[in-house]
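Source file: entry25.pdb. Holds: PDB, C-alpha atoms.
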```pdb
ATOM      1  CA  MET A   1     114.269  -3.629 129.318
ATOM      2  CA  GLU A   2     110.611  -3.096 128.550
ATOM      3  CA  LYS A   3     111.036   0.719 128.811
ATOM      4  CA  LEU A   4     113.980   0.600 126.407
ATOM      5  CA  GLU A   5     111.885  -1.268 123.871
ATOM      6  CA  GLN A   6     109.104   1.329 124.239
ATOM      7  CA  VAL A   7     111.569   4.161 123.618
ATOM      8  CA  GLU A   8     113.043   2.425 120.581
ATOM      9  CA  ALA A   9     109.541   1.820 119.194
ATOM     10  CA  ALA A  10     108.615   5.491 119.693
ATOM     11  CA  VAL A  11     111.823   6.645 117.973
ATOM     12  CA  GLU A  12     111.223   4.279 115.067
ATOM     13  CA  LYS A  13     107.658   5.544 114.703
ATOM     14  CA  ARG A  14     108.825   9.164 114.690
ATOM     15  CA  LEU A  15     111.496   8.429 112.061
ATOM     16  CA  THR A  16     108.922   6.732 109.882
ATOM     17  CA  VAL A  17     106.636   9.780 110.072
ATOM     18  CA  LEU A  18     109.511  12.145 109.218
ATOM     19  CA  LYS A  19     110.664  10.027 106.267
ATOM     20  CA  ALA A  20     107.125   9.899 104.908
ATOM     21  CA  GLU A  21     106.817  13.662 105.279
ATOM     22  CA  ILE A  22     110.066  14.272 103.393
ATOM     23  CA  GLU A  23     108.934  12.023 100.568
ATOM     24  CA  ARG A  24     105.516  13.688 100.429
ATOM     25  CA  ASP A  25     106.620  17.319 100.951
ATOM     26  CA  PRO A  26     110.406  17.961 100.957
ATOM     27  CA  GLU A  27     109.905  21.663 101.882
ATOM     28  CA  ALA A  28     107.831  21.001 105.033
ATOM     29  CA  CYS A  29     110.853  20.980 107.363
ATOM     30  CA  SER A  30     112.149  24.263 105.924
ATOM     31  CA  ARG A  31     108.739  25.889 106.320
ATOM     32  CA  ARG A  32     108.530  24.844 109.983
ATOM     33  CA  LYS A  33     112.005  26.202 110.640
ATOM     34  CA  LYS A  34     111.173  29.480 108.922
ATOM     35  CA  ALA A  35     107.883  29.749 110.825
ATOM     36  CA  ALA A  36     109.727  29.188 114.120
ATOM     37  CA  GLN A  37     112.251  31.898 113.241
ATOM     38  CA  GLU A  38     109.473  34.345 112.344
ATOM     39  CA  ARG A  39     107.632  33.513 115.564
ATOM     40  CA  GLY A  40     110.807  34.097 117.599
ATOM     41  CA  ALA A  41     111.457  37.445 115.873
ATOM     42  CA  ARG A  42     107.836  38.500 116.480
ATOM     43  CA  GLN A  43     108.104  37.629 120.178
ATOM     44  CA  VAL A  44     111.341  39.613 120.517
ATOM     45  CA  LYS A  45     109.674  42.610 118.860
ATOM     46  CA  GLU A  46     106.691  42.359 121.215
ATOM     47  CA  ARG A  47     108.953  42.149 124.275
ATOM     48  CA  ALA A  48     110.951  45.145 123.056
ATOM     49  CA  ALA A  49     107.741  47.178 122.669
ATOM     50  CA  ARG A  50     106.632  46.126 126.144
ATOM     51  CA  ALA A  51     110.068  47.031 127.523
ATOM     52  CA  ARG A  52     109.796  50.543 126.064
ATOM     53  CA  THR A  53     106.386  50.999 127.703
ATOM     54  CA  VAL A  54     107.643  49.785 131.097
ATOM     55  CA  LEU A  55     110.770  51.955 130.832
ATOM     56  CA  LYS A  56     108.596  55.002 130.134
ATOM     57  CA  GLN A  57     106.421  54.203 133.181
ATOM     58  CA  GLN A  58     109.467  53.820 135.424
ATOM     59  CA  LYS A  59     110.938  57.126 134.243
ATOM     60  CA  GLN A  60     107.631  58.841 134.993
ATOM     61  CA  ARG A  61     107.702  57.318 138.475
ATOM     62  CA  ALA A  62     111.265  58.547 138.931
ATOM     63  CA  LYS A  63     110.086  62.088 138.208
ATOM     64  CA  ARG A  64     107.164  61.821 140.665
ATOM     65  CA  HIS A  65     109.298  60.288 143.437
ATOM     66  CA  ALA A  66     112.606  61.994 142.761
ATOM     67  CA  ALA A  67     113.887  61.753 146.347
ATOM     68  CA  ALA A  68     113.285  57.996 146.634
ATOM     69  CA  GLU A  69     114.491  57.182 143.117
ATOM     70  CA  ALA A  70     117.661  59.284 143.430
ATOM     71  CA  LYS A  71     119.199  56.640 145.691
ATOM     72  CA  LYS A  72     118.673  53.928 143.065
ATOM     73  CA  SER A  73     120.742  53.145 140.002
ATOM     74  CA  GLU A  74     119.802  54.121 136.461
ATOM     75  CA  VAL A  75     116.378  52.903 135.366
ATOM     76  CA  LYS A  76     116.714  49.696 133.342
ATOM     77  CA  VAL A  77     114.320  47.140 131.876
ATOM     78  CA  SER A  78     114.909  43.468 131.118
ATOM     79  CA  LEU A  79     114.409  42.609 127.433
ATOM     80  CA  SER A  80     113.903  38.918 128.292
ATOM     81  CA  ASP A  81     111.011  39.767 130.669
ATOM     82  CA  PRO A  82     109.965  43.447 130.598
ATOM     83  CA  GLU A  83     107.427  42.982 133.401
ATOM     84  CA  ALA A  84     110.128  41.874 135.865
ATOM     85  CA  ARG A  85     112.174  44.354 137.910
ATOM     86  CA  ASN A  86     115.893  44.240 138.621
ATOM     87  CA  MET A  87     116.297  43.216 142.273
ATOM     88  CA  ARG A  88     119.312  42.554 144.454
ATOM     89  CA  PHE A  89     119.618  38.993 145.779
ATOM     90  CA  SER A  90     121.264  37.645 148.923
ATOM     91  CA  ASP A  91     124.419  36.771 146.949
ATOM     92  CA  GLY A  92     124.796  40.420 145.935
ATOM     93  CA  ALA A  93     123.827  39.862 142.295
ATOM     94  CA  VAL A  94     121.173  41.957 140.546
ATOM     95  CA  ARG A  95     118.718  40.003 138.376
ATOM     96  CA  PRO A  96     115.236  40.449 136.872
ATOM     97  CA  ALA A  97     112.800  39.084 139.446
ATOM     98  CA  TYR A  98     109.344  39.222 140.998
ATOM     99  CA  ASN A  99     108.315  39.690 144.632
ATOM    100  CA  ALA A 100     106.176  36.763 145.796
ATOM    101  CA  GLN A 101     103.954  37.060 148.864
ATOM    102  CA  ILE A 102     102.214  34.277 150.779
ATOM    103  CA  ALA A 103      99.774  34.286 153.688
ATOM    104  CA  ALA A 104      99.658  31.109 155.750
ATOM    105  CA  ALA A 105      98.394  29.532 158.948
ATOM    106  CA  PRO A 106     101.759  29.336 160.738
ATOM    107  CA  ARG A 107     101.176  26.267 162.925
ATOM    108  CA  LYS A 108      99.436  24.211 160.230
ATOM    109  CA  GLY A 109     101.787  25.207 157.425
ATOM    110  CA  ILE A 110      98.895  25.751 155.008
ATOM    111  CA  ILE A 111      99.096  28.611 152.506
ATOM    112  CA  ILE A 112      95.760  30.426 152.449
ATOM    113  CA  SER A 113      96.601  33.118 149.911
ATOM    114  CA  ALA A 114      99.400  33.945 147.473
ATOM    115  CA  ASP A 115     100.170  36.844 145.215
ATOM    116  CA  ILE A 116     103.095  38.192 143.233
ATOM    117  CA  THR A 117     104.185  41.701 142.269
ATOM    118  CA  GLU A 118     107.004  43.410 140.418
ATOM    119  CA  ARG A 119     107.612  45.793 143.346
ATOM    120  CA  ARG A 120     111.054  45.664 144.951
ATOM    121  CA  ASN A 121     109.870  46.115 148.557
ATOM    122  CA  ASP A 122     106.979  44.852 150.688
ATOM    123  CA  SER A 123     105.902  48.162 152.213
ATOM    124  CA  GLY A 124     102.141  48.606 152.235
ATOM    125  CA  LEU A 125     101.276  45.162 150.838
ATOM    126  CA  ALA A 126      99.363  44.025 153.934
ATOM    127  CA  ALA A 127      96.031  45.581 152.907
ATOM    128  CA  PRO A 128      96.005  44.012 149.390
ATOM    129  CA  MET A 129      96.840  40.622 150.909
ATOM    130  CA  VAL A 130      93.953  40.887 153.390
ATOM    131  CA  ASP A 131      91.619  41.883 150.536
ATOM    132  CA  ASN A 132      92.842  38.787 148.665
ATOM    133  CA  ILE A 133      91.973  36.635 151.692
ATOM    134  CA  VAL A 134      88.514  38.224 151.917
ATOM    135  CA  THR A 135      87.940  37.474 148.228
ATOM    136  CA  ARG A 136      88.815  33.819 148.796
ATOM    137  CA  TYR A 137      87.116  33.180 152.145
ATOM    138  CA  GLY A 138      84.596  35.966 152.643
ATOM    139  CA  LYS A 139      86.135  37.224 155.891
ATOM    140  CA  THR A 140      89.316  38.689 157.321
ATOM    141  CA  PRO A 141      91.817  36.929 159.591
ATOM    142  CA  GLU A 142      91.468  37.935 163.248
ATOM    143  CA  LYS A 143      95.237  38.360 163.607
ATOM    144  CA  LEU A 144      97.848  39.309 161.022
ATOM    145  CA  LEU A 145     101.528  38.638 161.759
ATOM    146  CA  VAL A 146     103.853  40.590 159.462
ATOM    147  CA  ASP A 147     107.328  42.107 159.328
ATOM    148  CA  SER A 148     108.066  45.773 159.908
ATOM    149  CA  HIS A 149     107.024  48.031 157.010
ATOM    150  CA  TYR A 150     104.819  45.314 155.454
ATOM    151  CA  ALA A 151     101.893  47.056 157.142
ATOM    152  CA  THR A 152     102.183  50.837 157.329
ATOM    153  CA  CYS A 153     100.475  52.849 160.067
ATOM    154  CA  GLU A 154      97.763  53.709 157.528
ATOM    155  CA  ASP A 155      97.308  49.984 156.825
ATOM    156  CA  ILE A 156      97.075  49.150 160.533
ATOM    157  CA  ALA A 157      94.369  51.781 161.064
ATOM    158  CA  ALA A 158      92.448  50.717 157.954
ATOM    159  CA  LEU A 159      92.637  46.978 158.708
ATOM    160  CA  ALA A 160      91.313  47.531 162.248
ATOM    161  CA  GLU A 161      88.148  48.939 160.646
ATOM    162  CA  HIS A 162      87.973  46.633 157.608
ATOM    163  CA  ALA A 163      84.458  46.197 156.225
ATOM    164  CA  ALA A 164      84.754  42.382 156.346
ATOM    165  CA  GLY A 165      85.949  42.306 159.962
ATOM    166  CA  SER A 166      88.490  43.905 162.268
ATOM    167  CA  VAL A 167      92.097  42.720 161.919
ATOM    168  CA  GLN A 168      94.635  42.940 164.746
ATOM    169  CA  VAL A 169      98.094  43.529 163.293
ATOM    170  CA  PHE A 170     101.152  42.134 165.073
ATOM    171  CA  ALA A 171     104.297  43.702 163.657
ATOM    172  CA  PRO A 172     107.370  45.167 165.346
ATOM    173  CA  PRO A 173     107.444  48.971 165.145
ATOM    174  CA  PRO A 174     110.245  50.349 162.952
ATOM    175  CA  ILE A 175     113.527  50.919 164.770
ATOM    176  CA  GLU A 176     113.918  54.571 165.713
ATOM    177  CA  ARG A 177     116.992  56.533 166.669
ATOM    178  CA  ASP A 178     117.645  57.081 170.368
ATOM    179  CA  ASP A 179     120.295  59.774 169.888
ATOM    180  CA  ILE A 180     117.958  62.542 168.801
ATOM    181  CA  SER A 181     117.661  66.073 170.057
ATOM    182  CA  ALA A 182     115.002  67.218 172.503
ATOM    183  CA  ARG A 183     113.289  69.015 169.650
ATOM    184  CA  GLY A 184     113.263  65.873 167.524
ATOM    185  CA  LEU A 185     111.846  63.845 170.420
ATOM    186  CA  ALA A 186     109.138  66.438 170.967
ATOM    187  CA  ASN A 187     108.203  66.284 167.265
ATOM    188  CA  ARG A 188     108.029  62.488 167.434
ATOM    189  CA  ASN A 189     105.795  62.570 170.530
ATOM    190  CA  ARG A 190     103.546  65.167 168.894
ATOM    191  CA  LYS A 191     103.108  62.977 165.816
ATOM    192  CA  ARG A 192     102.396  59.952 168.007
ATOM    193  CA  ALA A 193      99.705  61.876 169.861
ATOM    194  CA  LEU A 194      97.950  62.581 166.553
ATOM    195  CA  GLU A 195      97.956  58.934 165.437
ATOM    196  CA  PRO A 196      94.623  57.050 165.230
ATOM    197  CA  GLU A 197      93.636  55.074 168.314
ATOM    198  CA  ASN A 198      94.066  51.788 166.412
ATOM    199  CA  VAL A 199      97.719  52.620 165.744
ATOM    200  CA  LYS A 200      98.258  53.579 169.399
ATOM    201  CA  GLU A 201      96.731  50.237 170.436
ATOM    202  CA  TRP A 202      99.118  48.447 168.053
ATOM    203  CA  ARG A 203     102.146  50.157 169.615
ATOM    204  CA  SER A 204     100.920  49.274 173.106
ATOM    205  CA  ARG A 205     100.143  45.709 172.042
ATOM    206  CA  MET A 206     103.661  45.122 170.716
ATOM    207  CA  GLU A 207     105.180  46.341 173.999
ATOM    208  CA  THR A 208     103.466  43.554 175.964
ATOM    209  CA  GLU A 209     104.781  40.040 176.517
ATOM    210  CA  ALA A 210     101.546  38.584 175.140
ATOM    211  CA  GLY A 211     101.922  40.595 171.940
ATOM    212  CA  GLN A 212     105.507  39.428 171.480
ATOM    213  CA  GLU A 213     104.440  35.827 172.081
ATOM    214  CA  VAL A 214     101.811  36.033 169.341
ATOM    215  CA  TYR A 215     104.245  37.663 166.929
ATOM    216  CA  GLY A 216     106.784  34.919 167.682
ATOM    217  CA  ARG A 217     104.687  32.501 165.630
ATOM    218  CA  ARG A 218     105.600  34.430 162.498
ATOM    219  CA  LYS A 219     108.988  32.691 162.354
ATOM    220  CA  LEU A 220     107.140  29.501 161.410
ATOM    221  CA  ILE A 221     106.359  31.111 158.044
ATOM    222  CA  GLU A 222     110.067  31.093 157.173
ATOM    223  CA  ARG A 223     110.012  27.304 156.861
ATOM    224  CA  LEU A 224     107.374  27.694 154.127
ATOM    225  CA  ASN A 225     109.555  30.203 152.278
ATOM    226  CA  ALA A 226     112.485  27.794 152.503
ATOM    227  CA  HIS A 227     110.271  24.880 151.451
ATOM    228  CA  LEU A 228     109.152  26.694 148.288
ATOM    229  CA  LYS A 229     112.721  27.621 147.347
ATOM    230  CA  ASN A 230     113.982  24.090 147.996
ATOM    231  CA  HIS A 231     111.335  22.784 145.621
ATOM    232  CA  GLY A 232     112.332  25.007 142.717
ATOM    233  CA  PHE A 233     110.508  28.287 143.252
ATOM    234  CA  GLY A 234     113.793  30.173 143.539
ATOM    235  CA  PHE A 235     114.025  30.278 139.729
ATOM    236  CA  LEU A 236     111.227  30.850 137.227
ATOM    237  CA  TYR A 237     111.229  29.303 133.760
ATOM    238  CA  VAL A 238     108.396  31.518 132.507
ATOM    239  CA  ARG A 239     108.045  35.157 131.464
ATOM    240  CA  GLY A 240     105.392  37.618 132.575
ATOM    241  CA  LEU A 241     103.614  38.430 135.824
ATOM    242  CA  MET A 242     100.556  36.224 135.191
ATOM    243  CA  LYS A 243     102.635  33.152 134.338
ATOM    244  CA  ALA A 244     104.850  33.755 137.369
ATOM    245  CA  LYS A 245     101.736  33.921 139.546
ATOM    246  CA  ALA A 246     100.473  30.657 138.034
ATOM    247  CA  VAL A 247     103.758  28.980 139.035
ATOM    248  CA  LEU A 248     103.421  30.388 142.573
ATOM    249  CA  LEU A 249      99.864  29.057 142.873
ATOM    250  CA  LEU A 250     100.973  25.599 141.701
ATOM    251  CA  HIS A 251     103.690  25.579 144.377
ATOM    252  CA  ALA A 252     101.132  26.692 146.974
ATOM    253  CA  LEU A 253      98.773  23.889 145.897
ATOM    254  CA  ALA A 254     101.557  21.296 146.139
ATOM    255  CA  ASN A 255     102.482  22.595 149.609
ATOM    256  CA  ASN A 256      98.886  22.391 150.812
ATOM    257  CA  LEU A 257      98.420  18.852 149.485
ATOM    258  CA  MET A 258     101.483  17.707 151.429
ATOM    259  CA  ALA A 259     100.437  19.692 154.509
ATOM    260  CA  GLY A 260      96.953  18.167 154.351
ATOM    261  CA  TYR A 261      98.406  14.667 154.106
ATOM    262  CA  ARG A 262     100.689  15.377 157.075
ATOM    263  CA  LEU A 263      97.804  16.671 159.198
ATOM    264  CA  ARG A 264      95.563  13.717 158.321
ATOM    265  CA  THR A 265      98.362  11.326 159.243
ATOM    266  CA  ARG A 266      98.655  12.926 162.667
ATOM    267  CA  LEU A 267      94.934  12.515 163.286
ATOM    268  CA  SER A 268      94.765   8.872 162.186
TER     269      SER A 268
END
```

Could I get this structure in the form of C-alpha cells?
Amino acid sequence: MEKLEQVEAAVEKRLTVLKAEIERDPEACSRRKKAAQERGARQVKERAARARTVLKQQKQRAKRHAAAEAKKSEVKVSLSDPEARNMRFSDGAVRPAYNAQIAAAPRKGIIISADITERRNDSGLAAPMVDNIVTRYGKTPEKLLVDSHYATCEDIAALAEHAAGSVQVFAPPPIERDDISARGLANRNRKRALEPENVKEWRSRMETEAGQEVYGRRKLIERLNAHLKNHGFGFLYVRGLMKAKAVLLLHALANNLMAGYRLRTRLS
C-alpha cells in the first residue's frame, strides 16, 4: 500500500511539472519531440556511414582472401549495428552478433579475463587472450586449456617462448584424414618433422593420459558459458563493440562476485 502511494505521488508530481511547463511554454513539448526526431535521424545517418566503411573493409578482405571468402555468402552489413558481423546460431538463424571470449580458472569458476571481437571464428585468438591476461596480472598462465583451432601451431610455439613466461598449451590436435595416399602421408610427416620443438612437444603431450586428464578440466568452462547465457548475455541491448564489451565485463564481474561468495562459504 505504501509503494502504491509513493507511485501515485510521483505521478502527481510529474503531471504538475508538465502542466506548469505547458502553461509557461506551450511549444516546449513540440521542441523536445522535434529534437528527438533529429537526433534519431542523425544517429541513423552515422550508422549508415559506418556501415559503408565496414562493408568496404569486408570487400577488401574478400579480395585478399578469395579462397576462404568464396565459401561464404554475399558480404552484408547490419544497419542497426555496423560493427557486428552476421553469424549463424545453433538454431540455424543468421543474426548480427559478436564473438565473446572468456578465460577462467576452471575449478574455481572465476573469470580472469574477457574480451569480445566481431570475428566469426576463434582461430588464433589464444595469443591475444594470453596477452590480455599478462596485462591484467603481469604474468602468463602456466597451462592453457583451449579447443582445437583456438591456438594455431604458430600460437603454440610463440606461447611456449612468451616473454612473460612459458605457457603449456593443452588442445586436441585437429582431426586429420586417415584415408590418404602414401604420398600425402609422406608430405604430412615431412611437414611434422619441420615443426618447432614446442609444437612437437604439444603433440606428444596430448597423446599421453596425463595430457588428456589435464585437458579434461576444460569442460568445466562450459558451465560458465551456460551461466552467462542463462543470466541474459545471450542477447545484447546495446550497439557497438565497446558497449558490448562493457556488458561482457559486467557479467564477468557479477559471476566473480557470486563465485567469491560461494568459495568463502565453503571455507567458513

Arg223 of chain A proximity check over A:Ala210, A:Ile116, A:Met129, A:Ala104, using all atoms listed in the file: winner is A:Ala104

Could you list, as a ChimeraX atom specification, every residue within 10 Å of segment 199-207 of chain A, counting all atoms listed in the file and ignoring same-chain residues fewer than 4 positions away? /A:152-158,160,168-173,192-195,211-215

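We find atom CA of Gly138 of chain A and atom CA of Asp115 of chain A to be spaced 17.3 Å apart.
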
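The set of residues that the PyMOL selection byres ((chain A and resi 255-259) around 9) takes from this file is Lys108, Gly109, Ile110, Ile111, Ile112, Leu224, His227, Leu228, Leu250, His251, Ala252, Leu253, Ala254, Gly260, Tyr261, Arg262, Leu263 and Arg264 of chain A.
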
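Atom to atom, atom CA of Gly165 of chain A and atom CA of Lys139 of chain A stand 6.5 Å apart.
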
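Across the structure, atom CA of Glu142 of chain A and atom CA of Leu125 of chain A are spaced 17.4 Å apart.
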
For a quick check of understanding, using all atoms listed in the file, which of A:Ala9, A:Leu185, A:Ala97, A:Ala226 has the smallest distance to Ser80 of chain A? A:Ala97

Applying 12 Å and all atoms listed in the file, which residues near Gly234 of chain A remain after dropping the ones on its own chain fewer than 2 positions away? List them as a PyMOL selection string. chain A and resi 89-90+97-100+225-232+236-237+244+247-248+251

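The environment of Pro128 of chain A within 12 Å, counting all atoms listed in the file and disregarding residues fewer than 5 places along the same chain, consists of Gln101, Ile102, Ala103, Ser113, Ala114, Asp115, Ile116, Thr117, Asp122, Ser123, Ile133, Val134, Thr135, Thr140, Tyr150, Ala151, Asp155, Ala158, Leu159 and His162 of chain A.
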
Residue selection dump (C-alpha atoms) as a PDB file, in the coordinates of the input:
```
ATOM      1  CA  GLN A 101     103.954  37.060 148.864  1.00  0.00           C
ATOM      2  CA  ILE A 102     102.214  34.277 150.779  1.00  0.00           C
ATOM      3  CA  ALA A 103      99.774  34.286 153.688  1.00  0.00           C
ATOM      4  CA  SER A 113      96.601  33.118 149.911  1.00  0.00           C
ATOM      5  CA  ALA A 114      99.400  33.945 147.473  1.00  0.00           C
ATOM      6  CA  ASP A 115     100.170  36.844 145.215  1.00  0.00           C
ATOM      7  CA  ILE A 116     103.095  38.192 143.233  1.00  0.00           C
ATOM      8  CA  THR A 117     104.185  41.701 142.269  1.00  0.00           C
ATOM      9  CA  ASP A 122     106.979  44.852 150.688  1.00  0.00           C
ATOM     10  CA  SER A 123     105.902  48.162 152.213  1.00  0.00           C
ATOM     11  CA  ILE A 133      91.973  36.635 151.692  1.00  0.00           C
ATOM     12  CA  VAL A 134      88.514  38.224 151.917  1.00  0.00           C
ATOM     13  CA  THR A 135      87.940  37.474 148.228  1.00  0.00           C
ATOM     14  CA  THR A 140      89.316  38.689 157.321  1.00  0.00           C
ATOM     15  CA  TYR A 150     104.819  45.314 155.454  1.00  0.00           C
ATOM     16  CA  ALA A 151     101.893  47.056 157.142  1.00  0.00           C
ATOM     17  CA  ASP A 155      97.308  49.984 156.825  1.00  0.00           C
ATOM     18  CA  ALA A 158      92.448  50.717 157.954  1.00  0.00           C
ATOM     19  CA  LEU A 159      92.637  46.978 158.708  1.00  0.00           C
ATOM     20  CA  HIS A 162      87.973  46.633 157.608  1.00  0.00           C
TER      21      HIS A 162
END
```

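By chain and then residue number, the residues within 10 Å of Arg88 of chain A are Val94, Arg95, Pro96, Ala97 and Arg120 of chain A, counting only C-alpha atoms and disregarding those fewer than 6 positions away in sequence.
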